[in-house]
Amino acid sequence: MIRVRTREAYEKEEAERLAPYAVCSGGSAGRVVAEPDHPYRTAFQRDRDRIIHARAFRRLEYKTQVFVFHEGDHYRNRLTHTLEGAQIARTLARALRLNEDLAEAVVLAHDLGHTPFGHAGERALAKLLEDDGGFDHNRQSLRVVDLLEERYPGFLGLNLTDETRAGILKHGQRFSHPIALPPETPHPSLEARVADLADEIAYTNHDLDDGLRSGLLRPEDLDEVALWCEARETVRARGEMPERVALSQTIVALMNRLVTDLIEETARRLDAASVDALDEVRASREPLVALPEECASKARDLKRFLLQRLYRHPRVLAMNRKAERLLGDLYRAYRESPELLPPRVRERFPEEGEARAVADYVAGMTDRFALDEHRVLLDPHERR
């Protein structure tokens with residue numbers, strides 16, 4: 001009886017269990033800095049574990065998804081969003097015989113570079129850095145895992161595999177980066193694409209759930225959204241239940257619909273393209289992981305609804321305007337008075353440039369820390 005499964009045994013099992021077009025751990029292109037293999041964990045399992053233990057991952061708990069942390073305890077934040085996305089990615093990857101560990105690692109890392117206050121913070125930094133290389137949260141996530149985390153001797157960052165880094169990058173985004181980027185191919189791995197769509201499914205459903213919970217959306221507002229109506233009819237067919245339970249079950253039914261349709265359409269496309277190898281995936285000119293067109297069209301309608309009714313709701317826009325102004329104030333204060341910054345940030349000026357080092361510092365803040373720092377630095381009645 002074999003009581004211990006080594007990394008080599010797990011890699012052999014992967015090669016037998018996964019589809020021929022999946023990314024196997026044993027075939028990884030490796031890390032930026034070569035390291036000895038772990039005796040019991042595969043390359044992508046190590047990536048996942050390094051991400052979970054990163055400081056940037058812990059900070060996601062106090063970074064906005066839609067609602068700022070002080071607006072309620074039950075709204076999603078960046079951390080809960082990330083965990084929900086990772087769960088969906090594992091389900092998709094498992095059903096499609098892809099590498100679950102790689103898909104999970106990509107989702108867990110994809111928002112590490114997000115600013116405080118969500119996309120409002122990202123817009124503020126993008127505008128401020130227009131003449132200094134710009135700002136994008138996918139790029140910033142790669143900076144976090146390649147440069148900004150400091151946990152290991154011998155290299156900066158987490159030294160993740162090329163495959164995980166390529167998934168974080170969201171294929172096709174090219175910019176100046178001090179560390180070599182993964183090789184460019186026409187199409188990313190299926191695991192990277194699964195991670196991307198798992199993220200979309202997660203935020204579409206939980207933002208809808210939070211919008212209803214907040215009262216910014218009403219159930220009757222969704223009568224114009226086909227996917228919602230179809231999910232609601234599925235739930236009603238089960239019989240009577242309390243309204244609150246029915247709303248929650250409608251969200252579940254909607255998520256199940258998107259996940260199931262994505263699995264089945266992806267399998268159909270793989271069959272139609274006769275894909276039998278990872279190289280064929282990367283060379284493909286057509287997306288292989290996708291929803292069927294009818295469902296995709298309805299999903300776009302749902303996202304348009306959320307854009308108009310939730311993300312552009314006056315209450316959300318008012319918070320966004322405050323957030324953009326607050327981050328702009330902090331960035332300008334640090335540029336005008338660099339002595340306000342921690343020494344470790346100032347030490348990076350010669351290599352990274354002052355603008356980028358300040359942007360890295362501001363982007364890494366939680367909502368709570370940014371609010372406190374703004375009050376300390378810019379409220380004349382506040383004492384440090």
# chains A, B, ... in the order shown; residues from 1 in each chain; ligands from 1
call {"tool": "residues_around", "arguments": {"residues": "A:Val225", "least_positions_apart": "5", "cutoff": "8 Å", "atoms": "only C-alpha atoms", "output": "list in words"}}
result
Lys298, Asp301, Leu302 and Phe305 of chain A
call {"tool": "closest_atom_pairs", "arguments": {"of": "stretch 232-321 of chain A", "to": "stretch 7-20 of chain A", "cutoff": "8 Å", "atoms": "only C-alpha atoms", "output": "tab-separated table"}}
result
residue	atom	partner	partner_atom	distance
A:Asp276	CA	A:Pro20	CA	5.8
A:Ala277	CA	A:Pro20	CA	5.3
A:Leu278	CA	A:Pro20	CA	6.9
call {"tool": "write_last_selection", "arguments": {"atoms": "N, CA and C atoms", "output": "PDB file, in the first residue's frame"}}
result
ATOM      1  N   ASP A 276      -6.287  18.381 -30.098  1.00  0.00           N
ATOM      2  CA  ASP A 276      -5.735  17.221 -29.403  1.00  0.00           C
ATOM      3  C   ASP A 276      -4.416  17.516 -28.705  1.00  0.00           C
ATOM      4  N   ALA A 277      -3.971  18.770 -28.698  1.00  0.00           N
ATOM      5  CA  ALA A 277      -2.680  19.077 -28.094  1.00  0.00           C
ATOM      6  C   ALA A 277      -2.646  20.523 -27.637  1.00  0.00           C
ATOM      7  N   LEU A 278      -1.810  20.798 -26.637  1.00  0.00           N
ATOM      8  CA  LEU A 278      -1.686  22.153 -26.096  1.00  0.00           C
ATOM      9  C   LEU A 278      -1.200  23.133 -27.159  1.00  0.00           C
TER      10      LEU A 278
END
call {"tool": "atom_distance", "arguments": {"atom1": "atom CA of A:Arg335", "atom2": "atom CA of A:Val358"}}
result
7.3 Å
call {"tool": "residues_around", "arguments": {"residues": "A:Ala22", "least_positions_apart": "4", "cutoff": "12 Å", "atoms": "only C-alpha atoms", "output": "MDAnalysis selection string"}}
result
chainID A and resid 14:18 26:28 93:94 96:103 163 188:194 270 275:282
call {"tool": "select_by_dssp", "arguments": {"residues": "stretch 320-373 of chain A", "states": "helix (DSSP H, G or I)", "output": "ChimeraX atom specification"}}
result
/A:320-336,338-340,343-346,349-352,354-363,367-373
call {"tool": "decode", "arguments": {"residues": "stretch 135-200 of chain A", "atoms": "C-alpha atoms", "output": "short mmCIF file (atom, residue, chain, number, x, y, z; two decimals), in the first residue's frame"}}
result
data_model
loop_
_atom_site.label_atom_id
_atom_site.label_comp_id
_atom_site.auth_asym_id
_atom_site.auth_seq_id
_atom_site.Cartn_x
_atom_site.Cartn_y
_atom_site.Cartn_z
CA PHE A 135 -1.79 52.09 -14.96
CA ASP A 136 -3.79 48.88 -15.39
CA HIS A 137 -4.77 46.45 -12.64
CA ASN A 138 -3.76 43.36 -14.65
CA ARG A 139 -0.33 44.84 -15.20
CA GLN A 140 -0.21 45.78 -11.52
CA SER A 141 -1.08 42.22 -10.48
CA LEU A 142 1.94 41.03 -12.44
CA ARG A 143 4.09 43.68 -10.74
CA VAL A 144 2.91 42.39 -7.37
CA VAL A 145 3.86 38.77 -8.05
CA ASP A 146 7.07 39.63 -9.95
CA LEU A 147 8.44 42.54 -7.90
CA LEU A 148 6.51 43.89 -4.94
CA GLU A 149 6.05 40.90 -2.66
CA GLU A 150 9.15 40.31 -0.54
CA ARG A 151 9.11 36.85 1.03
CA TYR A 152 12.04 34.90 -0.39
CA PRO A 153 15.83 35.19 -0.56
CA GLY A 154 17.39 35.33 -3.99
CA PHE A 155 14.54 36.99 -5.89
CA LEU A 156 11.84 39.62 -5.62
CA GLY A 157 8.17 38.73 -5.88
CA LEU A 158 6.75 35.21 -5.74
CA ASN A 159 8.68 33.75 -8.70
CA LEU A 160 5.59 32.10 -10.18
CA THR A 161 5.58 29.85 -13.24
CA ASP A 162 5.32 31.29 -16.74
CA GLU A 163 1.89 29.68 -17.14
CA THR A 164 0.40 31.40 -14.09
CA ARG A 165 2.03 34.73 -15.01
CA ALA A 166 0.62 34.52 -18.54
CA GLY A 167 -2.87 33.94 -17.12
CA ILE A 168 -2.56 36.94 -14.79
CA LEU A 169 -1.43 39.12 -17.67
CA LYS A 170 -4.64 38.44 -19.61
CA HIS A 171 -3.17 37.52 -22.94
CA GLY A 172 -2.23 40.26 -25.39
CA GLN A 173 -1.43 43.10 -22.99
CA ARG A 174 2.10 44.23 -23.66
CA PHE A 175 3.95 46.97 -21.80
CA SER A 176 7.29 47.83 -20.26
CA HIS A 177 8.08 45.36 -17.49
CA PRO A 178 11.45 44.86 -15.79
CA ILE A 179 11.18 41.06 -15.92
CA ALA A 180 10.83 39.01 -19.11
CA LEU A 181 7.19 38.37 -20.00
CA PRO A 182 5.93 34.90 -20.96
CA PRO A 183 6.16 34.16 -24.71
CA GLU A 184 3.29 35.54 -26.77
CA THR A 185 1.01 33.09 -28.59
CA PRO A 186 -2.21 33.69 -30.58
CA HIS A 187 -4.30 32.11 -27.83
CA PRO A 188 -3.73 31.57 -24.10
CA SER A 189 -4.03 28.20 -22.41
CA LEU A 190 -7.54 26.92 -21.83
CA GLU A 191 -6.89 27.22 -18.10
CA ALA A 192 -6.17 30.96 -18.48
CA ARG A 193 -9.35 31.45 -20.48
CA VAL A 194 -11.37 29.43 -17.96
CA ALA A 195 -10.00 31.66 -15.19
CA ASP A 196 -11.00 34.79 -17.12
CA LEU A 197 -14.58 33.64 -17.69
CA ALA A 198 -14.91 32.29 -14.14
CA ASP A 199 -14.08 35.83 -12.98
CA GLU A 200 -16.84 37.24 -15.21
#
